[in-house]
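Source file model17.tsv; content: TSV, N, CA and C atoms.
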```tsv
chain	number	residue	atom	x	y	z
A	1	MET	N	14.70	14.40	-5.35
A	1	MET	CA	13.31	14.38	-4.93
A	1	MET	C	12.44	13.59	-5.92
A	2	VAL	N	12.59	13.89	-7.21
A	2	VAL	CA	11.83	13.18	-8.23
A	2	VAL	C	12.25	11.71	-8.26
A	3	ARG	N	13.55	11.48	-8.11
A	3	ARG	CA	14.07	10.11	-8.11
A	3	ARG	C	13.48	9.30	-6.96
A	4	ALA	N	13.44	9.89	-5.77
A	4	ALA	CA	12.89	9.20	-4.61
A	4	ALA	C	11.40	8.92	-4.81
A	5	PHE	N	10.68	9.87	-5.41
A	5	PHE	CA	9.26	9.68	-5.68
A	5	PHE	C	9.05	8.51	-6.65
A	6	LEU	N	9.84	8.47	-7.72
A	6	LEU	CA	9.71	7.39	-8.70
A	6	LEU	C	10.07	6.03	-8.11
A	7	ILE	N	11.09	6.01	-7.27
A	7	ILE	CA	11.46	4.75	-6.62
A	7	ILE	C	10.32	4.27	-5.72
A	8	ARG	N	9.75	5.18	-4.93
A	8	ARG	CA	8.64	4.82	-4.04
A	8	ARG	C	7.44	4.35	-4.86
A	9	LEU	N	7.17	5.00	-6.00
A	9	LEU	CA	6.06	4.60	-6.87
A	9	LEU	C	6.27	3.18	-7.39
A	10	ILE	N	7.49	2.88	-7.82
A	10	ILE	CA	7.79	1.54	-8.33
A	10	ILE	C	7.71	0.50	-7.21
A	11	LEU	N	8.22	0.84	-6.03
A	11	LEU	CA	8.13	-0.10	-4.90
A	11	LEU	C	6.68	-0.39	-4.55
A	12	ASN	N	5.83	0.65	-4.55
A	12	ASN	CA	4.40	0.44	-4.28
A	12	ASN	C	3.78	-0.43	-5.37
A	13	ALA	N	4.14	-0.20	-6.63
A	13	ALA	CA	3.59	-0.99	-7.73
A	13	ALA	C	3.98	-2.46	-7.59
A	14	VAL	N	5.24	-2.71	-7.27
A	14	VAL	CA	5.69	-4.10	-7.10
A	14	VAL	C	4.97	-4.74	-5.90
A	15	GLY	N	4.82	-3.98	-4.82
A	15	GLY	CA	4.10	-4.50	-3.65
A	15	GLY	C	2.65	-4.80	-3.96
A	16	LEU	N	1.99	-3.95	-4.74
A	16	LEU	CA	0.59	-4.19	-5.11
A	16	LEU	C	0.46	-5.41	-6.01
A	17	ILE	N	1.40	-5.57	-6.93
A	17	ILE	CA	1.38	-6.76	-7.79
A	17	ILE	C	1.56	-8.03	-6.95
A	18	ALA	N	2.50	-7.98	-6.02
A	18	ALA	CA	2.72	-9.14	-5.14
A	18	ALA	C	1.48	-9.44	-4.31
A	19	ALA	N	0.85	-8.41	-3.77
A	19	ALA	CA	-0.36	-8.61	-2.97
A	19	ALA	C	-1.47	-9.22	-3.82
A	20	ALA	N	-1.62	-8.76	-5.06
A	20	ALA	CA	-2.67	-9.29	-5.93
A	20	ALA	C	-2.42	-10.76	-6.28
A	21	ARG	N	-1.16	-11.12	-6.38
A	21	ARG	CA	-0.84	-12.51	-6.73
A	21	ARG	C	-0.89	-13.45	-5.52
A	22	ILE	N	-0.61	-12.93	-4.34
A	22	ILE	CA	-0.50	-13.77	-3.15
A	22	ILE	C	-1.80	-13.83	-2.35
A	23	VAL	N	-2.48	-12.70	-2.20
A	23	VAL	CA	-3.62	-12.61	-1.28
A	23	VAL	C	-4.93	-12.85	-2.02
A	24	PRO	N	-5.67	-13.88	-1.61
A	24	PRO	CA	-6.99	-14.08	-2.20
A	24	PRO	C	-7.90	-12.91	-1.80
A	25	GLY	N	-8.64	-12.40	-2.77
A	25	GLY	CA	-9.54	-11.28	-2.50
A	25	GLY	C	-8.98	-9.93	-2.89
A	26	VAL	N	-7.71	-9.88	-3.30
A	26	VAL	CA	-7.12	-8.65	-3.83
A	26	VAL	C	-7.01	-8.83	-5.34
A	27	GLU	N	-7.73	-7.98	-6.07
A	27	GLU	CA	-7.77	-8.06	-7.53
A	27	GLU	C	-7.08	-6.84	-8.12
A	28	LEU	N	-6.18	-7.06	-9.07
A	28	LEU	CA	-5.49	-5.97	-9.75
A	28	LEU	C	-5.37	-6.33	-11.22
A	29	ASP	N	-5.84	-5.43	-12.08
A	29	ASP	CA	-5.76	-5.65	-13.52
A	29	ASP	C	-4.31	-5.45	-13.97
A	30	LEU	N	-3.64	-6.56	-14.26
A	30	LEU	CA	-2.23	-6.51	-14.63
A	30	LEU	C	-2.03	-6.40	-16.13
A	31	SER	N	-3.13	-6.34	-16.89
A	31	SER	CA	-3.01	-6.30	-18.35
A	31	SER	C	-2.53	-4.95	-18.86
A	32	ARG	N	-2.73	-3.89	-18.06
A	32	ARG	CA	-2.30	-2.56	-18.46
A	32	ARG	C	-1.35	-1.99	-17.41
A	33	PRO	N	-0.09	-1.78	-17.76
A	33	PRO	CA	0.89	-1.26	-16.78
A	33	PRO	C	0.49	0.11	-16.21
A	34	GLU	N	-0.17	0.94	-17.01
A	34	GLU	CA	-0.57	2.25	-16.50
A	34	GLU	C	-1.58	2.14	-15.37
A	35	THR	N	-2.40	1.10	-15.39
A	35	THR	CA	-3.35	0.88	-14.29
A	35	THR	C	-2.59	0.60	-13.00
A	36	VAL	N	-1.59	-0.25	-13.07
A	36	VAL	CA	-0.79	-0.59	-11.89
A	36	VAL	C	-0.11	0.66	-11.34
A	37	LEU	N	0.45	1.48	-12.23
A	37	LEU	CA	1.14	2.70	-11.78
A	37	LEU	C	0.16	3.72	-11.20
A	38	LEU	N	-1.04	3.83	-11.78
A	38	LEU	CA	-2.04	4.75	-11.23
A	38	LEU	C	-2.51	4.30	-9.85
A	39	VAL	N	-2.72	3.01	-9.69
A	39	VAL	CA	-3.13	2.49	-8.38
A	39	VAL	C	-2.00	2.71	-7.36
A	40	ALA	N	-0.76	2.50	-7.78
A	40	ALA	CA	0.39	2.75	-6.89
A	40	ALA	C	0.46	4.22	-6.51
A	41	LEU	N	0.16	5.11	-7.45
A	41	LEU	CA	0.14	6.54	-7.17
A	41	LEU	C	-0.95	6.88	-6.16
A	42	ILE	N	-2.13	6.32	-6.35
A	42	ILE	CA	-3.24	6.54	-5.40
A	42	ILE	C	-2.84	6.03	-4.02
A	43	PHE	N	-2.25	4.84	-3.97
A	43	PHE	CA	-1.81	4.26	-2.70
A	43	PHE	C	-0.80	5.18	-2.01
A	44	GLY	N	0.14	5.70	-2.78
A	44	GLY	CA	1.13	6.61	-2.21
A	44	GLY	C	0.51	7.90	-1.70
A	45	LEU	N	-0.45	8.45	-2.43
A	45	LEU	CA	-1.11	9.68	-2.00
A	45	LEU	C	-1.96	9.46	-0.75
A	46	VAL	N	-2.67	8.34	-0.71
A	46	VAL	CA	-3.47	8.01	0.48
A	46	VAL	C	-2.56	7.88	1.70
A	47	ASN	N	-1.43	7.19	1.52
A	47	ASN	CA	-0.50	7.01	2.64
A	47	ASN	C	0.20	8.30	3.03
A	48	ALA	N	0.39	9.20	2.08
A	48	ALA	CA	1.08	10.46	2.38
A	48	ALA	C	0.18	11.48	3.06
A	49	PHE	N	-1.10	11.50	2.70
A	49	PHE	CA	-1.97	12.56	3.19
A	49	PHE	C	-3.01	12.11	4.22
A	50	ILE	N	-3.58	10.93	4.04
A	50	ILE	CA	-4.66	10.49	4.93
A	50	ILE	C	-4.13	9.66	6.10
A	51	ARG	N	-3.14	8.82	5.85
A	51	ARG	CA	-2.60	7.95	6.91
A	51	ARG	C	-2.10	8.73	8.12
A	52	PRO	N	-1.35	9.83	7.94
A	52	PRO	CA	-0.91	10.57	9.14
A	52	PRO	C	-2.08	11.10	9.97
A	53	LEU	N	-3.14	11.53	9.31
A	53	LEU	CA	-4.32	11.99	10.05
A	53	LEU	C	-4.99	10.84	10.79
A	54	ALA	N	-5.08	9.69	10.13
A	54	ALA	CA	-5.68	8.52	10.77
A	54	ALA	C	-4.86	8.08	11.98
A	55	LEU	N	-3.54	8.13	11.85
A	55	LEU	CA	-2.68	7.75	12.98
A	55	LEU	C	-2.80	8.76	14.12
A	56	LEU	N	-2.97	10.02	13.79
A	56	LEU	CA	-3.14	11.04	14.82
A	56	LEU	C	-4.45	10.83	15.58
A	57	VAL	N	-5.52	10.55	14.84
A	57	VAL	CA	-6.82	10.35	15.47
A	57	VAL	C	-6.83	9.09	16.34
A	58	THR	N	-6.07	8.08	15.92
A	58	THR	CA	-6.08	6.81	16.65
A	58	THR	C	-4.87	6.64	17.56
A	59	CYS	N	-4.20	7.73	17.88
A	59	CYS	CA	-2.94	7.60	18.63
A	59	CYS	C	-3.15	6.95	20.01
A	60	LEU	N	-4.26	7.21	20.67
A	60	LEU	CA	-4.47	6.62	21.99
A	60	LEU	C	-4.63	5.10	21.89
A	61	ILE	N	-5.48	4.64	20.98
A	61	ILE	CA	-5.66	3.19	20.83
A	61	ILE	C	-4.38	2.55	20.32
A	62	ASN	N	-3.64	3.28	19.49
A	62	ASN	CA	-2.37	2.78	19.01
A	62	ASN	C	-1.38	2.63	20.16
A	63	TRP	N	-1.38	3.59	21.04
A	63	TRP	CA	-0.52	3.54	22.22
A	63	TRP	C	-0.92	2.38	23.12
A	64	LEU	N	-2.23	2.21	23.33
A	64	LEU	CA	-2.71	1.13	24.19
A	64	LEU	C	-2.39	-0.26	23.63
A	65	THR	N	-2.33	-0.37	22.31
A	65	THR	CA	-2.06	-1.67	21.68
A	65	THR	C	-0.58	-1.82	21.32
A	66	LEU	N	0.24	-0.90	21.84
A	66	LEU	CA	1.69	-0.93	21.59
A	66	LEU	C	2.02	-0.88	20.10
A	67	GLY	N	1.23	-0.13	19.35
A	67	GLY	CA	1.48	0.07	17.93
A	67	GLY	C	0.82	-0.92	17.00
A	68	LEU	N	0.21	-1.96	17.54
A	68	LEU	CA	-0.40	-2.98	16.68
A	68	LEU	C	-1.60	-2.44	15.90
A	69	PHE	N	-2.24	-1.40	16.42
A	69	PHE	CA	-3.39	-0.83	15.70
A	69	PHE	C	-2.96	-0.20	14.38
A	70	THR	N	-1.69	0.09	14.23
A	70	THR	CA	-1.17	0.61	12.96
A	70	THR	C	-1.47	-0.36	11.82
A	71	LEU	N	-1.46	-1.65	12.12
A	71	LEU	CA	-1.80	-2.65	11.09
A	71	LEU	C	-3.23	-2.47	10.60
A	72	VAL	N	-4.13	-2.12	11.51
A	72	VAL	CA	-5.52	-1.88	11.13
A	72	VAL	C	-5.61	-0.60	10.28
A	73	VAL	N	-4.89	0.43	10.68
A	73	VAL	CA	-4.87	1.67	9.90
A	73	VAL	C	-4.33	1.40	8.50
A	74	ASN	N	-3.27	0.59	8.39
A	74	ASN	CA	-2.73	0.24	7.08
A	74	ASN	C	-3.76	-0.49	6.23
A	75	ALA	N	-4.52	-1.39	6.84
A	75	ALA	CA	-5.56	-2.11	6.11
A	75	ALA	C	-6.63	-1.15	5.61
A	76	VAL	N	-7.01	-0.19	6.42
A	76	VAL	CA	-8.02	0.78	6.01
A	76	VAL	C	-7.48	1.64	4.86
A	77	MET	N	-6.21	2.00	4.88
A	77	MET	CA	-5.62	2.78	3.79
A	77	MET	C	-5.60	1.96	2.50
A	78	PHE	N	-5.34	0.67	2.62
A	78	PHE	CA	-5.35	-0.23	1.46
A	78	PHE	C	-6.77	-0.32	0.90
A	79	TRP	N	-7.75	-0.46	1.78
A	79	TRP	CA	-9.15	-0.52	1.36
A	79	TRP	C	-9.57	0.80	0.71
A	80	LEU	N	-9.15	1.92	1.31
A	80	LEU	CA	-9.49	3.23	0.75
A	80	LEU	C	-8.89	3.40	-0.65
A	81	THR	N	-7.69	2.91	-0.84
A	81	THR	CA	-7.07	2.93	-2.17
A	81	THR	C	-7.93	2.16	-3.16
A	82	ALA	N	-8.41	1.01	-2.74
A	82	ALA	CA	-9.27	0.20	-3.62
A	82	ALA	C	-10.56	0.92	-3.95
A	83	GLU	N	-11.13	1.61	-2.97
A	83	GLU	CA	-12.39	2.33	-3.21
A	83	GLU	C	-12.17	3.51	-4.18
A	84	VAL	N	-11.09	4.23	-4.02
A	84	VAL	CA	-10.79	5.35	-4.92
A	84	VAL	C	-10.53	4.80	-6.33
A	85	ALA	N	-9.76	3.72	-6.43
A	85	ALA	CA	-9.48	3.12	-7.73
A	85	ALA	C	-10.76	2.62	-8.39
A	86	ARG	N	-11.66	2.03	-7.61
A	86	ARG	CA	-12.94	1.57	-8.15
A	86	ARG	C	-13.77	2.75	-8.66
A	87	ALA	N	-13.78	3.84	-7.90
A	87	ALA	CA	-14.53	5.03	-8.31
A	87	ALA	C	-13.97	5.63	-9.60
A	88	LEU	N	-12.69	5.47	-9.83
A	88	LEU	CA	-12.05	5.98	-11.04
A	88	LEU	C	-12.09	4.98	-12.19
A	89	GLY	N	-12.65	3.81	-11.93
A	89	GLY	CA	-12.76	2.80	-12.97
A	89	GLY	C	-11.48	2.03	-13.23
A	90	LEU	N	-10.58	2.05	-12.27
A	90	LEU	CA	-9.34	1.28	-12.41
A	90	LEU	C	-9.59	-0.15	-11.93
A	91	GLY	N	-8.80	-1.07	-12.42
A	91	GLY	CA	-8.99	-2.47	-12.09
A	91	GLY	C	-8.33	-2.90	-10.81
A	92	PHE	N	-8.78	-2.35	-9.69
A	92	PHE	CA	-8.23	-2.75	-8.40
A	92	PHE	C	-9.37	-2.86	-7.40
A	93	GLY	N	-9.42	-3.98	-6.70
A	93	GLY	CA	-10.48	-4.17	-5.72
A	93	GLY	C	-10.04	-5.06	-4.58
A	94	VAL	N	-10.72	-4.89	-3.46
A	94	VAL	CA	-10.45	-5.69	-2.27
A	94	VAL	C	-11.78	-6.26	-1.80
A	95	ARG	N	-11.85	-7.57	-1.59
A	95	ARG	CA	-13.10	-8.23	-1.26
A	95	ARG	C	-13.61	-7.92	0.14
A	96	ASP	N	-12.72	-7.98	1.14
A	96	ASP	CA	-13.16	-7.79	2.53
A	96	ASP	C	-12.01	-7.27	3.38
A	97	PHE	N	-12.27	-7.10	4.67
A	97	PHE	CA	-11.26	-6.54	5.55
A	97	PHE	C	-10.03	-7.45	5.67
A	98	LEU	N	-10.24	-8.74	5.73
A	98	LEU	CA	-9.10	-9.66	5.83
A	98	LEU	C	-8.20	-9.54	4.61
A	99	ALA	N	-8.79	-9.44	3.43
A	99	ALA	CA	-8.00	-9.26	2.21
A	99	ALA	C	-7.24	-7.93	2.26
A	100	ALA	N	-7.89	-6.88	2.76
A	100	ALA	CA	-7.22	-5.58	2.88
A	100	ALA	C	-6.08	-5.66	3.88
A	101	PHE	N	-6.31	-6.34	4.99
A	101	PHE	CA	-5.30	-6.49	6.03
A	101	PHE	C	-4.08	-7.25	5.48
A	102	LEU	N	-4.33	-8.39	4.85
A	102	LEU	CA	-3.23	-9.20	4.31
A	102	LEU	C	-2.56	-8.52	3.13
A	103	GLY	N	-3.34	-7.81	2.31
A	103	GLY	CA	-2.77	-7.07	1.18
A	103	GLY	C	-1.85	-5.97	1.66
A	104	ALA	N	-2.29	-5.21	2.66
A	104	ALA	CA	-1.46	-4.13	3.21
A	104	ALA	C	-0.19	-4.71	3.83
A	105	LEU	N	-0.32	-5.84	4.50
A	105	LEU	CA	0.84	-6.50	5.09
A	105	LEU	C	1.82	-6.95	4.01
A	106	ALA	N	1.29	-7.51	2.93
A	106	ALA	CA	2.15	-7.95	1.83
A	106	ALA	C	2.88	-6.77	1.19
A	107	VAL	N	2.16	-5.68	0.94
A	107	VAL	CA	2.79	-4.50	0.34
A	107	VAL	C	3.87	-3.96	1.27
A	108	SER	N	3.60	-3.93	2.56
A	108	SER	CA	4.59	-3.43	3.52
A	108	SER	C	5.84	-4.28	3.54
A	109	ILE	N	5.67	-5.59	3.53
A	109	ILE	CA	6.83	-6.49	3.57
A	109	ILE	C	7.65	-6.37	2.29
A	110	VAL	N	6.98	-6.38	1.14
A	110	VAL	CA	7.69	-6.27	-0.14
A	110	VAL	C	8.42	-4.93	-0.20
A	111	SER	N	7.76	-3.86	0.19
A	111	SER	CA	8.38	-2.54	0.16
A	111	SER	C	9.59	-2.47	1.09
A	112	MET	N	9.46	-3.05	2.28
A	112	MET	CA	10.56	-3.04	3.24
A	112	MET	C	11.76	-3.83	2.70
A	113	VAL	N	11.51	-5.00	2.14
A	113	VAL	CA	12.60	-5.82	1.62
A	113	VAL	C	13.29	-5.13	0.44
A	114	LEU	N	12.50	-4.60	-0.49
A	114	LEU	CA	13.09	-3.93	-1.65
A	114	LEU	C	13.82	-2.65	-1.26
A	115	SER	N	13.26	-1.89	-0.32
A	115	SER	CA	13.94	-0.68	0.15
A	115	SER	C	15.28	-1.02	0.78
A	116	SER	N	15.29	-2.07	1.56
A	116	SER	CA	16.54	-2.51	2.21
A	116	SER	C	17.55	-2.94	1.17
A	117	ALA	N	17.09	-3.67	0.15
A	117	ALA	CA	18.00	-4.13	-0.90
A	117	ALA	C	18.55	-2.94	-1.68
A	118	LEU	N	17.72	-1.94	-1.95
A	118	LEU	CA	18.19	-0.75	-2.66
A	118	LEU	C	19.21	0.03	-1.86
A	119	ARG	N	18.97	0.13	-0.54
A	119	ARG	CA	19.94	0.82	0.32
A	119	ARG	C	21.27	0.07	0.31
A	120	GLY	N	21.21	-1.24	0.31
A	120	GLY	CA	22.42	-2.05	0.27
A	120	GLY	C	23.18	-1.86	-1.03
A	121	LEU	N	22.47	-1.72	-2.15
A	121	LEU	CA	23.13	-1.50	-3.43
A	121	LEU	C	23.76	-0.11	-3.51
A	122	GLU	N	23.07	0.89	-2.91
A	122	GLU	CA	23.58	2.25	-2.96
A	122	GLU	C	24.83	2.43	-2.09
A	123	SER	N	24.91	1.69	-1.00
A	123	SER	CA	26.05	1.84	-0.10
A	123	SER	C	27.30	1.11	-0.59
A	124	SER	N	27.12	0.16	-1.51
A	124	SER	CA	28.30	-0.58	-1.98
A	124	SER	C	28.90	0.01	-3.23
```
Could you quickly redo this structure as structure tokens?
Amino acid sequence: MVRAFLIRLILNAVGLIAAARIVPGVELDLSRPETVLLVALIFGLVNAFIRPLALLVTCLINWLTLGLFTLVVNAVMFWLTAEVARALGLGFGVRDFLAAFLGALAVSIVSMVLSSALRGLESS
């Protein structure tokens, strides 16, 4: 359980770093590793506790859009992470909705690729 939590935390951290480097408008203070890990922790908590509620509330529109509205929910969770991090004085920010959308997409892709690679290493 602890191992899975730490792996997910590291995957989120790597995804956030990738998003900050790739997506214009996503700012992350990379000078302090603890900042990156704290932001990754906030992102994980937002996705664990708030995202399921958001998906439940938006299930009808999600159904009507064949699941594409999930991308909007992911962007809002990314933006919410930035707002919480800003309130805590951490060096993470998102300029606008497009940056949040692309940042969330980048984190999802990086996380999916790394998770797949880890599963491949564990099975061999």
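Nearest residue to Asn12 in chain A, choosing from A:Leu38, A:Val57, A:Val107, A:Ile50 and counting only C-alpha atoms: A:Val107.
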From A:Ala99, A:Ile61, A:Leu55, A:Ile22, residue lying nearest Trp79 in chain A [all atoms listed in the file] | A:Ala99
Best match for closeness to Ser111 in chain A among A:Ala18, A:Ala87, A:Met1, A:Ala48, counting only C-alpha atoms =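 Once distances to Ser111 in chain A are computed over only C-alpha atoms, the minimum belongs to A:Ala18.
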Which of A:Ile42, A:Leu30, A:Asn74, A:Ile17 sits closest to Arg86 in chain A [using only C-alpha atoms] = A:Ile42
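Atom N of Arg21 in chain A sits 18.9 Å away from CA of Arg8 in chain A.
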Between atom N of Leu68 in chain A and atom C of Glu27 in chain A, what is the spacing in Å?
->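 Computing the Euclidean distance for atom C of Glu27 in chain A and atom N of Leu68 in chain A yields 27.1 Å.
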Selected residue of minimal separation from Gly44 in chain A among A:Ala19, A:Leu28, A:Ile10, A:Val76, counting only C-alpha atoms | A:Ile10
